[in-house]
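Reproduced below: upload-v8.tsv, with TSV, C-alpha atoms.
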```
chain	number	residue	atom	x	y	z
A	1	MET	CA	-63.92	-63.46	27.10
A	2	ILE	CA	-66.67	-66.06	26.60
A	3	ARG	CA	-70.04	-64.27	26.82
A	4	ILE	CA	-72.88	-66.42	28.20
A	5	VAL	CA	-76.67	-66.31	28.48
A	6	ILE	CA	-78.27	-68.80	30.91
A	7	ALA	CA	-81.91	-69.97	30.73
A	8	GLU	CA	-83.18	-71.91	33.75
A	9	ASP	CA	-86.62	-71.69	35.39
A	10	GLN	CA	-85.45	-72.62	38.91
A	11	ARG	CA	-84.37	-69.24	40.29
A	12	MET	CA	-81.92	-70.54	42.88
A	13	LEU	CA	-80.15	-72.74	40.36
A	14	LEU	CA	-80.10	-69.89	37.83
A	15	GLY	CA	-78.38	-67.63	40.39
A	16	ALA	CA	-75.93	-70.36	41.39
A	17	LEU	CA	-74.95	-71.11	37.76
A	18	ALA	CA	-74.48	-67.41	36.97
A	19	SER	CA	-72.30	-66.88	40.08
A	20	LEU	CA	-70.27	-70.02	39.37
A	21	LEU	CA	-69.50	-69.06	35.77
A	22	ASP	CA	-68.80	-65.40	36.61
A	23	LEU	CA	-65.97	-66.66	38.86
A	24	GLU	CA	-64.15	-68.02	35.80
A	25	GLU	CA	-61.58	-65.50	34.53
A	26	ASP	CA	-62.45	-66.05	30.87
A	27	MET	CA	-66.26	-66.05	31.23
A	28	GLN	CA	-68.94	-63.42	31.69
A	29	VAL	CA	-72.69	-64.00	32.14
A	30	VAL	CA	-74.38	-61.27	30.08
A	31	GLY	CA	-77.99	-62.33	30.63
A	32	THR	CA	-80.24	-64.73	32.55
A	33	ALA	CA	-83.72	-65.92	31.58
A	34	SER	CA	-86.37	-68.07	33.25
A	35	ASN	CA	-87.97	-69.33	30.03
A	36	GLY	CA	-87.05	-70.17	26.44
A	37	GLU	CA	-88.73	-67.11	24.94
A	38	ASP	CA	-86.70	-64.70	27.09
A	39	ALA	CA	-83.57	-66.70	26.29
A	40	VAL	CA	-84.08	-66.21	22.54
A	41	ARG	CA	-84.72	-62.47	23.10
A	42	LEU	CA	-81.55	-62.11	25.22
A	43	VAL	CA	-79.46	-63.97	22.62
A	44	HIS	CA	-80.66	-61.56	19.91
A	45	LEU	CA	-80.02	-58.61	22.23
A	46	HIS	CA	-76.58	-59.51	23.67
A	47	LYS	CA	-75.23	-61.79	20.89
A	48	PRO	CA	-73.43	-64.09	23.38
A	49	ASP	CA	-70.98	-66.81	22.38
A	50	ILE	CA	-73.01	-69.53	24.08
A	51	CYS	CA	-76.46	-70.02	25.60
A	52	ILE	CA	-76.87	-72.60	28.39
A	53	MET	CA	-80.42	-73.88	28.41
A	54	ASP	CA	-82.65	-76.05	30.55
A	55	ILE	CA	-85.27	-78.09	28.62
A	56	GLU	CA	-88.54	-77.95	30.55
A	57	MET	CA	-89.29	-74.27	31.04
A	58	PRO	CA	-92.51	-72.24	30.86
A	59	VAL	CA	-93.63	-70.26	27.75
A	60	LYS	CA	-91.11	-71.97	25.44
A	61	SER	CA	-89.03	-75.09	26.11
A	62	GLY	CA	-85.25	-75.11	25.79
A	63	LEU	CA	-85.52	-77.43	22.77
A	64	ASP	CA	-87.93	-75.07	20.97
A	65	ALA	CA	-85.61	-72.16	21.78
A	66	ALA	CA	-82.56	-74.13	20.53
A	67	GLU	CA	-84.40	-74.90	17.26
A	68	GLU	CA	-85.19	-71.19	16.88
A	69	LEU	CA	-81.55	-70.23	17.47
A	70	LYS	CA	-80.17	-72.75	14.96
A	71	GLY	CA	-77.87	-70.98	12.53
A	72	PHE	CA	-77.91	-67.74	14.57
A	73	GLY	CA	-74.22	-67.99	15.41
A	74	CYS	CA	-74.63	-68.58	19.14
A	75	LYS	CA	-73.63	-72.00	20.42
A	76	VAL	CA	-76.21	-73.84	22.55
A	77	MET	CA	-75.58	-76.15	25.49
A	78	ILE	CA	-78.49	-78.05	27.02
A	79	LEU	CA	-78.16	-78.49	30.79
A	80	THR	CA	-80.97	-80.65	32.15
A	81	THR	CA	-81.99	-83.34	34.63
A	82	PHE	CA	-83.57	-85.34	31.79
A	83	ALA	CA	-81.50	-88.14	30.29
A	84	ARG	CA	-84.14	-88.94	27.66
A	85	SER	CA	-83.08	-90.23	24.28
A	86	GLY	CA	-85.91	-88.38	22.49
A	87	TYR	CA	-84.85	-85.05	24.03
A	88	PHE	CA	-81.24	-85.78	23.14
A	89	GLU	CA	-82.12	-86.59	19.50
A	90	ARG	CA	-84.11	-83.36	19.22
A	91	ALA	CA	-81.26	-81.34	20.76
A	92	VAL	CA	-78.76	-82.80	18.29
A	93	LYS	CA	-81.13	-82.08	15.37
A	94	ALA	CA	-81.50	-78.51	16.64
A	95	GLY	CA	-77.73	-78.16	16.41
A	96	ALA	CA	-77.02	-78.12	20.16
A	97	ASN	CA	-73.26	-78.19	20.74
A	98	GLY	CA	-73.56	-79.79	24.15
A	99	TYR	CA	-75.97	-81.79	26.31
A	100	LEU	CA	-74.97	-82.16	29.95
A	101	LEU	CA	-76.87	-83.50	32.93
A	102	LYS	CA	-77.33	-81.35	36.03
A	103	ASP	CA	-75.79	-84.01	38.24
A	104	SER	CA	-72.43	-83.62	36.45
A	105	PRO	CA	-69.61	-82.17	38.63
A	106	SER	CA	-69.68	-78.34	38.60
A	107	GLU	CA	-66.09	-78.00	37.31
A	108	GLU	CA	-67.17	-80.01	34.25
A	109	LEU	CA	-69.45	-77.15	33.19
A	110	ALA	CA	-66.71	-74.55	32.63
A	111	THR	CA	-64.46	-77.14	30.97
A	112	SER	CA	-67.29	-78.18	28.65
A	113	ILE	CA	-68.01	-74.55	27.72
A	114	ARG	CA	-64.36	-74.05	26.76
A	115	SER	CA	-64.37	-77.28	24.72
A	116	ILE	CA	-67.53	-76.20	22.89
A	117	MET	CA	-65.99	-72.79	22.16
A	118	ALA	CA	-62.97	-74.65	20.73
A	119	GLY	CA	-65.31	-76.35	18.25
A	120	ARG	CA	-66.02	-79.66	19.97
A	121	ARG	CA	-69.40	-81.19	20.80
A	122	ILE	CA	-69.85	-82.36	24.38
A	123	TYR	CA	-72.60	-84.89	25.11
A	124	ALA	CA	-73.21	-86.82	28.35
A	125	SER	CA	-71.90	-90.33	27.68
A	126	GLU	CA	-75.00	-92.11	29.04
A	127	LEU	CA	-77.13	-90.27	26.47
A	128	VAL	CA	-74.90	-91.19	23.56
A	129	ASP	CA	-75.14	-94.86	24.60
A	130	ASP	CA	-78.94	-94.58	24.91
A	131	ALA	CA	-79.44	-92.72	21.64
A	132	TYR	CA	-77.75	-95.43	19.68
A	133	GLY	CA	-79.36	-98.18	21.72
A	134	GLU	CA	-83.03	-97.33	21.36
A	135	GLU	CA	-84.91	-95.86	18.45
A	136	ASN	CA	-88.52	-94.77	18.56
A	137	PRO	CA	-90.25	-97.96	17.30
A	138	LEU	CA	-93.43	-96.28	16.04
A	139	THR	CA	-94.14	-95.28	12.45
A	140	GLU	CA	-95.26	-91.68	11.73
A	141	ARG	CA	-98.88	-92.87	11.46
A	142	GLU	CA	-98.71	-94.77	14.77
A	143	LYS	CA	-97.17	-91.73	16.40
A	144	GLU	CA	-100.03	-89.60	15.07
A	145	VAL	CA	-102.56	-92.00	16.64
A	146	LEU	CA	-100.76	-91.92	20.00
A	147	ILE	CA	-100.59	-88.11	19.99
A	148	LEU	CA	-104.34	-87.96	19.37
A	149	ILE	CA	-104.90	-90.43	22.24
A	150	ALA	CA	-102.72	-88.21	24.47
A	151	ASP	CA	-104.90	-85.25	23.41
A	152	GLY	CA	-107.89	-87.10	24.90
A	153	LYS	CA	-109.49	-88.22	21.62
A	154	ASN	CA	-111.53	-91.44	21.58
A	155	THR	CA	-111.38	-94.13	18.88
A	156	LYS	CA	-114.21	-92.59	16.80
A	157	GLU	CA	-112.73	-89.05	16.96
A	158	ILE	CA	-109.32	-90.40	15.90
A	159	ALA	CA	-110.93	-92.31	13.02
A	160	ASP	CA	-112.80	-89.17	11.87
A	161	GLN	CA	-109.73	-86.96	12.12
A	162	MET	CA	-107.45	-89.39	10.26
A	163	TYR	CA	-110.10	-90.47	7.70
A	164	ILE	CA	-109.81	-94.15	8.63
A	165	THR	CA	-112.22	-96.69	10.15
A	166	THR	CA	-112.54	-97.29	13.90
A	167	GLY	CA	-111.32	-100.85	13.25
A	168	THR	CA	-108.10	-99.48	11.70
A	169	VAL	CA	-107.63	-97.21	14.73
A	170	ARG	CA	-108.03	-100.22	17.04
A	171	ASN	CA	-105.43	-102.12	14.97
A	172	TYR	CA	-103.02	-99.19	15.27
A	173	ILE	CA	-103.58	-99.08	19.04
A	174	SER	CA	-102.88	-102.78	19.49
A	175	VAL	CA	-99.67	-102.47	17.40
A	176	ILE	CA	-98.61	-99.42	19.47
A	177	LEU	CA	-99.18	-101.28	22.78
A	178	ASP	CA	-97.27	-104.25	21.43
A	179	LYS	CA	-94.31	-102.20	20.15
A	180	LEU	CA	-94.03	-100.19	23.36
A	181	ASN	CA	-94.48	-103.34	25.44
A	182	VAL	CA	-97.30	-101.87	27.56
A	183	SER	CA	-100.81	-103.06	28.38
A	184	ASN	CA	-102.96	-99.93	27.97
A	185	ARG	CA	-103.19	-96.46	26.41
A	186	ILE	CA	-102.14	-94.60	29.57
A	187	GLU	CA	-98.98	-96.69	29.91
A	188	ALA	CA	-98.24	-96.12	26.20
A	189	ILE	CA	-98.45	-92.34	26.67
A	190	MET	CA	-96.30	-92.50	29.84
A	191	ARG	CA	-93.65	-94.62	28.15
A	192	PHE	CA	-93.54	-92.38	25.08
A	193	LYS	CA	-93.22	-89.31	27.34
A	194	GLU	CA	-90.53	-90.96	29.47
A	195	LYS	CA	-88.43	-91.57	26.39
A	196	GLY	CA	-88.90	-87.95	25.31
A	197	TRP	CA	-90.37	-89.04	21.96
A	198	PHE	CA	-93.28	-86.57	22.01
A	199	LYS	CA	-92.35	-83.53	19.90
```

As structure tokens, please, write out the structure in this file.
Amino acid sequence: MIRIVIAEDQRMLLGALASLLDLEEDMQVVGTASNGEDAVRLVHLHKPDICIMDIEMPVKSGLDAAEELKGFGCKVMILTTFARSGYFERAVKAGANGYLLKDSPSEELATSIRSIMAGRRIYASELVDDAYGEENPLTEREKEVLILIADGKNTKEIADQMYITTGTVRNYISVILDKLNVSNRIEAIMRFKEKGWFK
């Protein structure tokens, strides 16, 4: 019997997934959570074989929870609407055994769970293509500048925090806009978010 914990913040979907998987003869849902923190707690409590996790959840995201569960002995499958290469890269680094999109056919879910339990990794094909097609173009330092911009810091505050001149900050910003192919700071933040490159 494959023992499963499901973490999903949309209650109706959580109920539907649990019912769907409980219909499978070789599967049993032993716990359901509406956020990543509860998911981690339930995994420690029930020691399931696999935890199916959404990404964007309150309290703790599915990716943070997956990172916390790395090496715990419970397999992790990400089930999300987000086909973002940055999310996918983070999931793979966190040791996720699967990454499926919610618009996949429902019968694919049970089949994927069995494949993962058999030792395979199951990733949505469009994500694999994306992940190898587009790398985050920013250096660590440029990323740091963009994160501070996203936090609402102005040029002077960024310069003070990073111990550089305001002119250097402006240079970083123009390189960031150029690399991301956008025309202003807001668009840069949006594009970086869209790609799932924010940690």

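Between atom CA of A:Leu63 and atom CA of A:Arg185 the interatomic distance comes to 26.2 Å.
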
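With all atoms listed in the file as the atoms that count, the minimum distance from A:Trp197 to the choices A:Leu45, A:Ile122, A:Ile147, A:Met117 is reached by A:Ile147.
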
What lies within 7 Å of stretch 2-16 of chain A using all atoms listed in the file, ignoring chain neighbours under 2 positions off, as a PDB file with C-alpha atoms, keeping the file's coordinate frame?
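Below you can see part-v1.pdb, which holds the result:
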```pdb
ATOM      1  CA  ALA A  18     -74.480 -67.410  36.970  1.00  0.00           C
ATOM      2  CA  SER A  19     -72.300 -66.880  40.080  1.00  0.00           C
ATOM      3  CA  LEU A  20     -70.270 -70.020  39.370  1.00  0.00           C
ATOM      4  CA  ASP A  26     -62.450 -66.050  30.870  1.00  0.00           C
ATOM      5  CA  MET A  27     -66.260 -66.050  31.230  1.00  0.00           C
ATOM      6  CA  GLN A  28     -68.940 -63.420  31.690  1.00  0.00           C
ATOM      7  CA  VAL A  29     -72.690 -64.000  32.140  1.00  0.00           C
ATOM      8  CA  VAL A  30     -74.380 -61.270  30.080  1.00  0.00           C
ATOM      9  CA  GLY A  31     -77.990 -62.330  30.630  1.00  0.00           C
ATOM     10  CA  THR A  32     -80.240 -64.730  32.550  1.00  0.00           C
ATOM     11  CA  ALA A  33     -83.720 -65.920  31.580  1.00  0.00           C
ATOM     12  CA  SER A  34     -86.370 -68.070  33.250  1.00  0.00           C
ATOM     13  CA  ASN A  35     -87.970 -69.330  30.030  1.00  0.00           C
ATOM     14  CA  GLY A  36     -87.050 -70.170  26.440  1.00  0.00           C
ATOM     15  CA  ALA A  39     -83.570 -66.700  26.290  1.00  0.00           C
ATOM     16  CA  VAL A  43     -79.460 -63.970  22.620  1.00  0.00           C
ATOM     17  CA  PRO A  48     -73.430 -64.090  23.380  1.00  0.00           C
ATOM     18  CA  ASP A  49     -70.980 -66.810  22.380  1.00  0.00           C
ATOM     19  CA  ILE A  50     -73.010 -69.530  24.080  1.00  0.00           C
ATOM     20  CA  CYS A  51     -76.460 -70.020  25.600  1.00  0.00           C
ATOM     21  CA  ILE A  52     -76.870 -72.600  28.390  1.00  0.00           C
ATOM     22  CA  MET A  53     -80.420 -73.880  28.410  1.00  0.00           C
ATOM     23  CA  ASP A  54     -82.650 -76.050  30.550  1.00  0.00           C
ATOM     24  CA  MET A  57     -89.290 -74.270  31.040  1.00  0.00           C
TER      25      MET A  57
END
```

Quick one: pull the distance between atom CA of A:Ala66 and atom CA of A:Glu187, Å, one decimal.
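Pair atom CA of A:Ala66 / atom CA of A:Glu187 returns 29.4 Å.
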
Just need the box for stretch 92-108 of chain A, edges along x, y and z, holding every atom the file lists for it with 5 Å tacked onto each side, so centre and edge lengths in Å to one decimal, as AutoDock Vina command-line options.
```
--center_x -73.8 --center_y -81.0 --center_z 27.0 --size_x 25.4 --size_y 16.0 --size_z 33.3
```

Measure the distance from atom CA of A:Met190 to atom CA of A:Ala94 in Å and round it to one decimal.
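Interatomic distance, atom CA of A:Met190 to atom CA of A:Ala94: 24.3 Å.
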
When distances are computed from all atoms listed in the file, which of A:Val59, A:Ile78, A:Val169, A:Ile164 shows the smallest separation from A:Val145?
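Residue with the minimum atom-to-atom distance to A:Val145: A:Val169.
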
Identify which of the residues A:Glu67, A:Gly196, A:Leu180, A:Lys156 lies closest to A:Phe88, counting only C-alpha atoms when measuring atom-to-atom distances.
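The answer is A:Gly196, which sits nearest to A:Phe88.
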
Shortest interatomic distance to A:Val175 - which of A:Lys193, A:Arg114, A:Lys143, A:Lys75, counting only C-alpha atoms:
A:Lys143

Taking only C-alpha atoms into account, which of A:Glu25, A:Asp151, A:Glu37, A:Glu107 comes nearest A:Phe198?
A:Asp151

In terms of all atoms listed in the file, the residue from A:Cys74, A:Glu24, A:Arg170, A:Asp64 at minimal distance from A:Lys93 is A:Asp64

Just want the 12 Å neighbourhood of A:Gln161, counted on only C-alpha atoms, with same-chain residues fewer than 6 positions away dropped. Output as a ChimeraX atom specification.
/A:144-145,148-149,153-155,169

Pull out stretch 165-176 of chain A, keep all heavy atoms, and write it as a PDB file, in the first residue's frame.
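Saved to decode02.pdb:
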```
ATOM      1  N   THR A 165      28.803  52.481  -4.575  1.00  0.00           N
ATOM      2  CA  THR A 165      28.323  53.837  -4.865  1.00  0.00           C
ATOM      3  C   THR A 165      26.974  53.787  -5.575  1.00  0.00           C
ATOM      4  O   THR A 165      26.608  52.746  -6.155  1.00  0.00           O
ATOM      5  CB  THR A 165      29.323  54.586  -5.781  1.00  0.00           C
ATOM      6  OG1 THR A 165      29.335  53.922  -7.054  1.00  0.00           O
ATOM      7  CG2 THR A 165      30.726  54.603  -5.187  1.00  0.00           C
ATOM      8  N   THR A 166      26.257  54.907  -5.539  1.00  0.00           N
ATOM      9  CA  THR A 166      24.958  54.963  -6.239  1.00  0.00           C
ATOM     10  C   THR A 166      25.168  54.780  -7.749  1.00  0.00           C
ATOM     11  O   THR A 166      24.331  54.195  -8.429  1.00  0.00           O
ATOM     12  CB  THR A 166      24.225  56.302  -5.967  1.00  0.00           C
ATOM     13  OG1 THR A 166      25.112  57.363  -6.266  1.00  0.00           O
ATOM     14  CG2 THR A 166      23.755  56.396  -4.537  1.00  0.00           C
ATOM     15  N   GLY A 167      26.300  55.276  -8.250  1.00  0.00           N
ATOM     16  CA  GLY A 167      26.608  55.098  -9.679  1.00  0.00           C
ATOM     17  C   GLY A 167      26.733  53.621 -10.043  1.00  0.00           C
ATOM     18  O   GLY A 167      26.231  53.185 -11.096  1.00  0.00           O
ATOM     19  N   THR A 168      27.376  52.847  -9.163  1.00  0.00           N
ATOM     20  CA  THR A 168      27.523  51.392  -9.397  1.00  0.00           C
ATOM     21  C   THR A 168      26.150  50.722  -9.385  1.00  0.00           C
ATOM     22  O   THR A 168      25.864  49.856 -10.214  1.00  0.00           O
ATOM     23  CB  THR A 168      28.451  50.766  -8.330  1.00  0.00           C
ATOM     24  OG1 THR A 168      29.681  51.487  -8.311  1.00  0.00           O
ATOM     25  CG2 THR A 168      28.723  49.311  -8.622  1.00  0.00           C
ATOM     26  N   VAL A 169      25.290  51.152  -8.450  1.00  0.00           N
ATOM     27  CA  VAL A 169      23.924  50.595  -8.392  1.00  0.00           C
ATOM     28  C   VAL A 169      23.208  50.875  -9.712  1.00  0.00           C
ATOM     29  O   VAL A 169      22.593  49.975 -10.297  1.00  0.00           O
ATOM     30  CB  VAL A 169      23.108  51.177  -7.206  1.00  0.00           C
ATOM     31  CG1 VAL A 169      21.653  50.696  -7.257  1.00  0.00           C
ATOM     32  CG2 VAL A 169      23.737  50.789  -5.883  1.00  0.00           C
ATOM     33  N   ARG A 170      23.321  52.123 -10.199  1.00  0.00           N
ATOM     34  CA  ARG A 170      22.667  52.473 -11.469  1.00  0.00           C
ATOM     35  C   ARG A 170      23.203  51.631 -12.628  1.00  0.00           C
ATOM     36  O   ARG A 170      22.453  51.216 -13.501  1.00  0.00           O
ATOM     37  CB  ARG A 170      22.810  53.982 -11.745  1.00  0.00           C
ATOM     38  CG  ARG A 170      21.775  54.797 -10.963  1.00  0.00           C
ATOM     39  CD  ARG A 170      21.658  56.208 -11.497  1.00  0.00           C
ATOM     40  NE  ARG A 170      22.785  57.015 -11.057  1.00  0.00           N
ATOM     41  CZ  ARG A 170      22.818  57.669  -9.898  1.00  0.00           C
ATOM     42  NH1 ARG A 170      21.781  57.620  -9.090  1.00  0.00           N
ATOM     43  NH2 ARG A 170      23.880  58.369  -9.566  1.00  0.00           N
ATOM     44  N   ASN A 171      24.506  51.364 -12.616  1.00  0.00           N
ATOM     45  CA  ASN A 171      25.097  50.488 -13.648  1.00  0.00           C
ATOM     46  C   ASN A 171      24.496  49.089 -13.569  1.00  0.00           C
ATOM     47  O   ASN A 171      24.124  48.508 -14.585  1.00  0.00           O
ATOM     48  CB  ASN A 171      26.622  50.391 -13.491  1.00  0.00           C
ATOM     49  CG  ASN A 171      27.310  51.666 -13.917  1.00  0.00           C
ATOM     50  OD1 ASN A 171      26.721  52.518 -14.589  1.00  0.00           O
ATOM     51  ND2 ASN A 171      28.562  51.815 -13.505  1.00  0.00           N
ATOM     52  N   TYR A 172      24.411  48.567 -12.342  1.00  0.00           N
ATOM     53  CA  TYR A 172      23.817  47.232 -12.150  1.00  0.00           C
ATOM     54  C   TYR A 172      22.396  47.214 -12.707  1.00  0.00           C
ATOM     55  O   TYR A 172      22.005  46.289 -13.412  1.00  0.00           O
ATOM     56  CB  TYR A 172      23.771  46.860 -10.661  1.00  0.00           C
ATOM     57  CG  TYR A 172      25.023  46.191 -10.145  1.00  0.00           C
ATOM     58  CD1 TYR A 172      25.662  46.664  -9.005  1.00  0.00           C
ATOM     59  CD2 TYR A 172      25.558  45.065 -10.772  1.00  0.00           C
ATOM     60  CE1 TYR A 172      26.816  46.052  -8.507  1.00  0.00           C
ATOM     61  CE2 TYR A 172      26.700  44.442 -10.288  1.00  0.00           C
ATOM     62  CZ  TYR A 172      27.334  44.945  -9.150  1.00  0.00           C
ATOM     63  OH  TYR A 172      28.449  44.323  -8.672  1.00  0.00           O
ATOM     64  N   ILE A 173      21.621  48.260 -12.370  1.00  0.00           N
ATOM     65  CA  ILE A 173      20.221  48.313 -12.812  1.00  0.00           C
ATOM     66  C   ILE A 173      20.131  48.321 -14.332  1.00  0.00           C
ATOM     67  O   ILE A 173      19.332  47.592 -14.917  1.00  0.00           O
ATOM     68  CB  ILE A 173      19.474  49.515 -12.174  1.00  0.00           C
ATOM     69  CG1 ILE A 173      19.350  49.279 -10.665  1.00  0.00           C
ATOM     70  CG2 ILE A 173      18.087  49.680 -12.803  1.00  0.00           C
ATOM     71  CD1 ILE A 173      18.922  50.493  -9.858  1.00  0.00           C
ATOM     72  N   SER A 174      20.995  49.103 -14.985  1.00  0.00           N
ATOM     73  CA  SER A 174      20.893  49.147 -16.453  1.00  0.00           C
ATOM     74  C   SER A 174      21.291  47.802 -17.070  1.00  0.00           C
ATOM     75  O   SER A 174      20.697  47.370 -18.056  1.00  0.00           O
ATOM     76  CB  SER A 174      21.666  50.340 -17.013  1.00  0.00           C
ATOM     77  OG  SER A 174      22.946  49.983 -17.406  1.00  0.00           O
ATOM     78  N   VAL A 175      22.265  47.108 -16.460  1.00  0.00           N
ATOM     79  CA  VAL A 175      22.650  45.763 -16.945  1.00  0.00           C
ATOM     80  C   VAL A 175      21.496  44.776 -16.741  1.00  0.00           C
ATOM     81  O   VAL A 175      21.172  43.972 -17.625  1.00  0.00           O
ATOM     82  CB  VAL A 175      23.937  45.259 -16.224  1.00  0.00           C
ATOM     83  CG1 VAL A 175      24.189  43.795 -16.526  1.00  0.00           C
ATOM     84  CG2 VAL A 175      25.139  46.106 -16.637  1.00  0.00           C
ATOM     85  N   ILE A 176      20.840  44.866 -15.566  1.00  0.00           N
ATOM     86  CA  ILE A 176      19.704  43.980 -15.259  1.00  0.00           C
ATOM     87  C   ILE A 176      18.585  44.172 -16.290  1.00  0.00           C
ATOM     88  O   ILE A 176      18.064  43.207 -16.856  1.00  0.00           O
ATOM     89  CB  ILE A 176      19.174  44.240 -13.826  1.00  0.00           C
ATOM     90  CG1 ILE A 176      20.179  43.740 -12.791  1.00  0.00           C
ATOM     91  CG2 ILE A 176      17.808  43.566 -13.606  1.00  0.00           C
ATOM     92  CD1 ILE A 176      19.920  44.240 -11.365  1.00  0.00           C
TER      93      ILE A 176
END
```
